[in-house]
$ cat data_22.txt   # compact mmCIF, N, CA and C atoms
# COMPACT_ATOMS: atom_id res chain seq x y z
N MET O 209 27.13 -217.91 67.24
CA MET O 209 26.96 -216.50 66.98
C MET O 209 28.03 -215.68 67.68
N ILE O 210 28.09 -215.67 69.00
CA ILE O 210 29.12 -214.95 69.75
C ILE O 210 29.96 -215.99 70.49
N THR O 211 31.27 -215.86 70.40
CA THR O 211 32.13 -216.74 71.17
C THR O 211 32.76 -215.94 72.31
N VAL O 212 33.08 -216.64 73.39
CA VAL O 212 33.65 -216.02 74.58
C VAL O 212 34.99 -216.69 74.86
N THR O 213 36.05 -215.90 74.96
CA THR O 213 37.36 -216.47 75.27
C THR O 213 37.41 -216.88 76.74
N GLU O 214 38.41 -217.68 77.08
CA GLU O 214 38.57 -218.10 78.47
C GLU O 214 38.79 -216.91 79.40
N LYS O 215 39.58 -215.92 78.95
CA LYS O 215 39.82 -214.73 79.79
C LYS O 215 38.53 -213.96 80.04
N ALA O 216 37.70 -213.81 79.00
CA ALA O 216 36.43 -213.11 79.16
C ALA O 216 35.50 -213.90 80.07
N LYS O 217 35.46 -215.21 79.88
CA LYS O 217 34.62 -216.06 80.73
C LYS O 217 35.01 -215.90 82.20
N SER O 218 36.29 -215.96 82.48
CA SER O 218 36.78 -215.83 83.85
C SER O 218 36.39 -214.49 84.45
N ARG O 219 36.54 -213.42 83.68
CA ARG O 219 36.21 -212.07 84.17
C ARG O 219 34.70 -211.92 84.40
N ILE O 220 33.88 -212.47 83.50
CA ILE O 220 32.43 -212.41 83.65
C ILE O 220 32.01 -213.11 84.93
N ILE O 221 32.56 -214.30 85.17
CA ILE O 221 32.23 -215.06 86.38
C ILE O 221 32.66 -214.30 87.61
N ASP O 222 33.85 -213.70 87.59
CA ASP O 222 34.32 -212.90 88.73
C ASP O 222 33.40 -211.71 89.00
N LEU O 223 33.00 -211.01 87.95
CA LEU O 223 32.11 -209.86 88.11
C LEU O 223 30.76 -210.27 88.70
N MET O 224 30.25 -211.40 88.24
CA MET O 224 28.96 -211.87 88.75
C MET O 224 29.07 -212.22 90.24
N LYS O 225 30.18 -212.85 90.62
CA LYS O 225 30.38 -213.20 92.03
C LYS O 225 30.56 -211.94 92.87
N ASP O 226 31.37 -211.00 92.39
CA ASP O 226 31.61 -209.75 93.12
C ASP O 226 30.32 -208.95 93.32
N SER O 227 29.45 -209.01 92.34
CA SER O 227 28.18 -208.26 92.40
C SER O 227 27.07 -209.06 93.07
N LYS O 228 27.41 -210.28 93.47
CA LYS O 228 26.46 -211.17 94.16
C LYS O 228 25.23 -211.50 93.32
N TYR O 229 25.43 -211.63 92.00
CA TYR O 229 24.34 -212.06 91.14
C TYR O 229 24.14 -213.56 91.30
N THR O 230 22.89 -213.99 91.31
CA THR O 230 22.58 -215.40 91.42
C THR O 230 22.70 -216.07 90.05
N GLN O 231 22.54 -217.39 90.03
CA GLN O 231 22.72 -218.13 88.78
C GLN O 231 21.62 -217.89 87.76
N ASP O 232 20.54 -217.20 88.14
CA ASP O 232 19.51 -216.90 87.16
C ASP O 232 19.85 -215.65 86.34
N TYR O 233 20.98 -215.02 86.63
CA TYR O 233 21.45 -213.88 85.84
C TYR O 233 22.31 -214.36 84.68
N PHE O 234 22.38 -213.54 83.65
CA PHE O 234 23.17 -213.84 82.47
C PHE O 234 23.76 -212.55 81.92
N LEU O 235 24.61 -212.68 80.94
CA LEU O 235 25.22 -211.52 80.29
C LEU O 235 24.36 -211.13 79.10
N ARG O 236 23.86 -209.89 79.12
CA ARG O 236 23.11 -209.38 77.98
C ARG O 236 24.07 -208.56 77.12
N VAL O 237 24.18 -208.95 75.85
CA VAL O 237 25.05 -208.28 74.90
C VAL O 237 24.18 -207.67 73.82
N GLY O 238 24.45 -206.43 73.48
CA GLY O 238 23.64 -205.77 72.48
C GLY O 238 24.38 -204.69 71.74
N VAL O 239 23.68 -204.10 70.81
CA VAL O 239 24.21 -203.01 69.98
C VAL O 239 23.19 -201.88 70.01
N ASP O 240 23.68 -200.66 70.22
CA ASP O 240 22.84 -199.46 70.21
C ASP O 240 23.36 -198.48 69.17
N SER O 241 22.49 -197.62 68.71
CA SER O 241 22.94 -196.52 67.86
C SER O 241 23.73 -195.55 68.72
N GLY O 242 24.81 -195.03 68.16
CA GLY O 242 25.62 -194.05 68.90
C GLY O 242 27.09 -194.38 68.83
N GLY O 243 27.86 -193.59 69.49
CA GLY O 243 29.30 -193.76 69.44
C GLY O 243 29.88 -193.03 68.25
N CYS O 244 31.17 -192.87 68.24
CA CYS O 244 31.80 -192.07 67.17
C CYS O 244 31.81 -192.78 65.82
N SER O 245 31.55 -194.09 65.79
CA SER O 245 31.50 -194.80 64.52
C SER O 245 30.09 -195.17 64.09
N GLY O 246 29.09 -194.85 64.90
CA GLY O 246 27.70 -195.08 64.52
C GLY O 246 26.96 -196.09 65.37
N LEU O 247 27.63 -197.16 65.80
CA LEU O 247 27.02 -198.19 66.63
C LEU O 247 27.91 -198.45 67.82
N SER O 248 27.32 -198.76 68.96
CA SER O 248 28.13 -199.05 70.14
C SER O 248 27.67 -200.35 70.80
N TYR O 249 28.61 -201.01 71.45
CA TYR O 249 28.33 -202.27 72.13
C TYR O 249 27.75 -202.00 73.51
N LYS O 250 26.89 -202.92 73.97
CA LYS O 250 26.33 -202.86 75.32
C LYS O 250 26.61 -204.19 76.01
N LEU O 251 27.00 -204.12 77.27
CA LEU O 251 27.16 -205.30 78.11
C LEU O 251 26.48 -205.01 79.44
N ASP O 252 25.69 -205.94 79.92
CA ASP O 252 25.04 -205.75 81.21
C ASP O 252 24.61 -207.12 81.72
N PHE O 253 24.40 -207.20 83.03
CA PHE O 253 23.83 -208.41 83.60
C PHE O 253 22.33 -208.22 83.70
N ASP O 254 21.60 -209.29 83.45
CA ASP O 254 20.14 -209.23 83.42
C ASP O 254 19.61 -210.58 83.89
N ASN O 255 18.35 -210.63 84.26
CA ASN O 255 17.74 -211.91 84.62
C ASN O 255 16.36 -212.08 83.99
N THR O 256 16.05 -211.24 82.99
CA THR O 256 14.76 -211.32 82.31
C THR O 256 14.98 -211.53 80.82
N ILE O 257 14.47 -212.65 80.33
CA ILE O 257 14.52 -212.90 78.89
C ILE O 257 13.27 -212.31 78.27
N LYS O 258 13.49 -211.49 77.25
CA LYS O 258 12.38 -210.79 76.59
C LYS O 258 11.95 -211.56 75.34
N PRO O 259 10.71 -211.36 74.90
CA PRO O 259 10.26 -212.02 73.67
C PRO O 259 11.19 -211.66 72.50
N GLY O 260 11.59 -212.67 71.76
CA GLY O 260 12.46 -212.45 70.61
C GLY O 260 13.94 -212.51 70.93
N ASP O 261 14.32 -212.64 72.18
CA ASP O 261 15.74 -212.75 72.55
C ASP O 261 16.34 -214.06 72.04
N GLU O 262 17.60 -214.00 71.69
CA GLU O 262 18.38 -215.19 71.34
C GLU O 262 19.19 -215.57 72.57
N VAL O 263 19.17 -216.85 72.95
CA VAL O 263 19.89 -217.33 74.13
C VAL O 263 20.97 -218.31 73.67
N ILE O 264 22.19 -218.08 74.15
CA ILE O 264 23.33 -218.90 73.77
C ILE O 264 24.08 -219.29 75.03
N ASP O 265 24.52 -220.53 75.12
CA ASP O 265 25.44 -220.93 76.17
C ASP O 265 26.79 -221.08 75.49
N GLN O 266 27.67 -220.14 75.72
CA GLN O 266 28.97 -220.12 75.06
C GLN O 266 30.08 -220.25 76.08
N ASN O 267 30.79 -221.34 76.02
CA ASN O 267 31.95 -221.53 76.88
C ASN O 267 31.57 -221.46 78.36
N GLY O 268 30.36 -221.95 78.68
CA GLY O 268 29.90 -221.96 80.07
C GLY O 268 29.30 -220.65 80.54
N VAL O 269 29.13 -219.70 79.63
CA VAL O 269 28.54 -218.41 79.96
C VAL O 269 27.24 -218.26 79.17
N LYS O 270 26.16 -217.93 79.88
CA LYS O 270 24.88 -217.72 79.22
C LYS O 270 24.83 -216.29 78.70
N ILE O 271 24.65 -216.17 77.38
CA ILE O 271 24.59 -214.88 76.72
C ILE O 271 23.22 -214.72 76.08
N VAL O 272 22.63 -213.55 76.26
CA VAL O 272 21.33 -213.25 75.66
C VAL O 272 21.47 -211.95 74.87
N THR O 273 20.89 -211.95 73.68
CA THR O 273 20.93 -210.75 72.84
C THR O 273 19.60 -210.62 72.11
N ASP O 274 19.24 -209.40 71.77
CA ASP O 274 18.00 -209.17 71.04
C ASP O 274 18.23 -209.48 69.56
N LYS O 275 17.13 -209.71 68.84
CA LYS O 275 17.22 -210.12 67.42
C LYS O 275 17.95 -209.10 66.56
N ARG O 276 17.73 -207.82 66.81
CA ARG O 276 18.39 -206.78 66.01
C ARG O 276 19.90 -206.84 66.17
N SER O 277 20.35 -207.04 67.40
CA SER O 277 21.79 -207.07 67.66
C SER O 277 22.46 -208.29 67.06
N VAL O 278 21.73 -209.39 66.94
CA VAL O 278 22.30 -210.62 66.37
C VAL O 278 22.88 -210.34 64.99
N LEU O 279 22.20 -209.51 64.22
CA LEU O 279 22.66 -209.20 62.86
C LEU O 279 24.04 -208.55 62.87
N TYR O 280 24.32 -207.73 63.86
CA TYR O 280 25.60 -207.03 63.94
C TYR O 280 26.68 -207.85 64.65
N LEU O 281 26.27 -208.80 65.49
CA LEU O 281 27.22 -209.51 66.33
C LEU O 281 27.57 -210.91 65.83
N PHE O 282 26.95 -211.36 64.75
CA PHE O 282 27.19 -212.72 64.26
C PHE O 282 28.68 -212.93 63.99
N GLY O 283 29.26 -213.95 64.61
CA GLY O 283 30.68 -214.26 64.42
C GLY O 283 31.63 -213.49 65.31
N THR O 284 31.10 -212.67 66.23
CA THR O 284 31.93 -211.83 67.10
C THR O 284 32.53 -212.64 68.24
N GLU O 285 33.76 -212.30 68.59
CA GLU O 285 34.42 -212.89 69.74
C GLU O 285 34.51 -211.84 70.84
N LEU O 286 34.09 -212.22 72.05
CA LEU O 286 34.20 -211.35 73.22
C LEU O 286 35.44 -211.78 73.99
N ASP O 287 36.37 -210.85 74.17
CA ASP O 287 37.63 -211.13 74.84
C ASP O 287 37.78 -210.15 76.00
N PHE O 288 38.75 -210.43 76.87
CA PHE O 288 39.07 -209.53 77.96
C PHE O 288 40.57 -209.35 78.01
N SER O 289 41.00 -208.09 78.14
CA SER O 289 42.42 -207.78 78.23
C SER O 289 42.69 -207.07 79.54
N ASP O 290 43.75 -207.48 80.19
CA ASP O 290 44.15 -206.80 81.43
C ASP O 290 45.60 -206.34 81.34
N GLY O 291 46.04 -206.12 80.11
CA GLY O 291 47.42 -205.72 79.87
C GLY O 291 47.64 -204.22 80.02
N LEU O 292 48.87 -203.82 79.76
CA LEU O 292 49.26 -202.43 79.90
C LEU O 292 48.63 -201.52 78.84
N ASN O 293 48.26 -202.07 77.70
CA ASN O 293 47.69 -201.26 76.62
C ASN O 293 46.19 -201.03 76.77
N GLY O 294 45.64 -201.45 77.85
CA GLY O 294 44.22 -201.25 78.07
C GLY O 294 43.64 -202.40 78.84
N LYS O 295 42.60 -202.11 79.59
CA LYS O 295 41.96 -203.13 80.39
C LYS O 295 40.48 -203.10 80.12
N GLY O 296 39.91 -204.25 79.86
CA GLY O 296 38.48 -204.32 79.67
C GLY O 296 38.09 -205.32 78.62
N PHE O 297 36.80 -205.38 78.38
CA PHE O 297 36.26 -206.29 77.39
C PHE O 297 36.49 -205.71 76.00
N ALA O 298 36.75 -206.61 75.05
CA ALA O 298 36.97 -206.20 73.67
C ALA O 298 36.13 -207.08 72.75
N PHE O 299 35.52 -206.46 71.77
CA PHE O 299 34.74 -207.18 70.77
C PHE O 299 35.57 -207.29 69.50
N ASN O 300 35.82 -208.51 69.07
CA ASN O 300 36.49 -208.76 67.79
C ASN O 300 35.39 -209.14 66.81
N ASN O 301 34.92 -208.13 66.09
CA ASN O 301 33.73 -208.26 65.25
C ASN O 301 34.12 -208.28 63.78
N PRO O 302 33.95 -209.44 63.10
CA PRO O 302 34.31 -209.52 61.68
C PRO O 302 33.38 -208.73 60.78
N ASN O 303 32.24 -208.29 61.29
CA ASN O 303 31.27 -207.52 60.50
C ASN O 303 31.59 -206.03 60.47
N ALA O 304 32.45 -205.58 61.37
CA ALA O 304 32.76 -204.15 61.47
C ALA O 304 33.64 -203.72 60.30
N THR O 305 33.21 -202.69 59.61
CA THR O 305 34.01 -202.14 58.52
C THR O 305 34.87 -200.98 59.01
N ARG O 306 34.50 -200.43 60.16
CA ARG O 306 35.25 -199.32 60.75
C ARG O 306 35.03 -199.37 62.26
N THR O 307 36.08 -199.09 63.02
CA THR O 307 35.95 -199.00 64.47
C THR O 307 36.62 -197.72 64.94
N CYS O 308 36.22 -197.29 66.12
CA CYS O 308 36.87 -196.10 66.68
C CYS O 308 38.13 -196.55 67.43
N SER O 309 38.94 -195.63 67.80
CA SER O 309 40.21 -195.96 68.47
C SER O 309 40.01 -196.56 69.85
N CYS O 310 38.90 -196.25 70.51
CA CYS O 310 38.66 -196.82 71.84
C CYS O 310 38.10 -198.23 71.76
N GLY O 311 37.60 -198.65 70.59
CA GLY O 311 37.09 -200.00 70.43
C GLY O 311 35.67 -200.19 70.93
N GLU O 312 35.00 -199.13 71.33
CA GLU O 312 33.66 -199.26 71.88
C GLU O 312 32.56 -198.98 70.85
N SER O 313 32.94 -198.49 69.68
CA SER O 313 31.91 -198.29 68.66
C SER O 313 32.44 -198.78 67.31
N PHE O 314 31.50 -199.02 66.39
CA PHE O 314 31.86 -199.58 65.10
C PHE O 314 30.81 -199.21 64.06
N ALA O 315 31.12 -199.52 62.82
CA ALA O 315 30.18 -199.33 61.71
C ALA O 315 30.21 -200.59 60.87
N VAL O 316 29.11 -200.85 60.16
CA VAL O 316 29.04 -201.99 59.26
C VAL O 316 28.67 -201.51 57.87
$ encode --input "data_22.txt" --output "structure tokens"
Amino acid sequence: MITVTEKAKSRIIDLMKDSKYTQDYFLRVGVDSGGCSGLSYKLDFDNTIKPGDEVIDQNGVKIVTDKRSVLYLFGTELDFSDGLNGKGFAFNNPNATRTCSCGESFAV
């Protein structure tokens, strides 16, 4: 469903260590209504799996997402860029028909 690049994996692990999260924490990825294109991505660390959550171990990173978000994120690649043109996580979502210039919101 969601793939994680090596750069994103490395950054996620670093963030978890810096924040002193234990191994029972995971990356929660989701989609919310909002943003200039209609839908926006959510990333957060969590340690509670909710009923109906989808759990994936991708590239050594545990990712959890709710059922609604799975529909929007299927086939998405999570990457991390630390270059001059921007720094941060990027979603390469094949389902997006339109994205905003900041890359944080999309439409399907």
$ residues_around --input "data_22.txt" --residues "Phe253 in chain O" --least-positions-apart "6" --cutoff "5 Å" --atoms "only N, CA and C atoms" --output "PDB file with N, CA and C atoms, in the frame of the given file"
ATOM      1  N   PHE O 234      22.380-213.540  83.650  1.00  0.00           N
ATOM      2  CA  PHE O 234      23.170-213.840  82.470  1.00  0.00           C
ATOM      3  C   PHE O 234      23.760-212.550  81.920  1.00  0.00           C
ATOM      4  N   LEU O 235      24.610-212.680  80.940  1.00  0.00           N
ATOM      5  CA  LEU O 235      25.220-211.520  80.290  1.00  0.00           C
ATOM      6  C   LEU O 235      24.360-211.130  79.100  1.00  0.00           C
ATOM      7  N   ARG O 236      23.860-209.890  79.120  1.00  0.00           N
ATOM      8  CA  ARG O 236      23.110-209.380  77.980  1.00  0.00           C
ATOM      9  C   ARG O 236      24.070-208.560  77.120  1.00  0.00           C
TER      10      ARG O 236
END
$ closest_residue --input "data_22.txt" --among "O:Val278, O:Leu251, O:Ile257, O:Ile264" --to "Ala298 in chain O" --atoms "only C-alpha atoms"
O:Leu251
$ select_by_dssp --input "data_22.txt" --residues "chain O" --states "strand (DSSP E)" --output "NGL selection string"
:O and (210-212 or 234-241 or 247-254 or 262-266 or 269-273 or 284-291 or 294-300 or 306-307 or 313-315)
$ atom_distance --input "data_22.txt" --atom1 "atom N of Gln231 in chain O" --atom2 "atom N of Val272 in chain O"
14.3 Å
$ closest_residue --input "data_22.txt" --among "O:Ala216, O:Gly238, O:Tyr249, O:Lys228" --to "Gly296 in chain O" --atoms "all atoms listed in the file"
O:Ala216
$ axis_aligned_box --input "data_22.txt" --around "range 259-264 of chain O" --padding-each-side "6 Å" --output "AutoDock Vina command-line options"
--center_x 17.2 --center_y -215.3 --center_z 72.8 --size_x 25.8 --size_y 19.9 --size_z 16.4
$ atom_distance --input "data_22.txt" --atom1 "CA of Pro302 in chain O" --atom2 "atom C of Ile220 in chain O"
23.6 Å
$ atom_distance --input "data_22.txt" --atom1 "atom N of Lys250 in chain O" --atom2 "atom C of Leu281 in chain O"
11.4 Å
$ closest_residue --input "data_22.txt" --among "O:Ser248, O:Ser227, O:Thr284, O:Asn301" --to "Thr211 in chain O" --atoms "only C-alpha atoms"
O:Thr284
$ closest_residue --input "data_22.txt" --among "O:Ala304, O:Val237, O:Leu247, O:Leu286" --to "Asp261 in chain O" --atoms "only C-alpha atoms"
O:Val237
$ select_by_dssp --input "data_22.txt" --residues "chain O" --states "alpha helix (DSSP H)" --output "ChimeraX atom specification"
/O:214-226,275-281
$ residues_around --input "data_22.txt" --residues "Asn267 in chain O" --least-positions-apart "6" --cutoff "8 Å" --atoms "only N, CA and C atoms" --output "PyMOL selection string"
chain O and resi 210-214+217
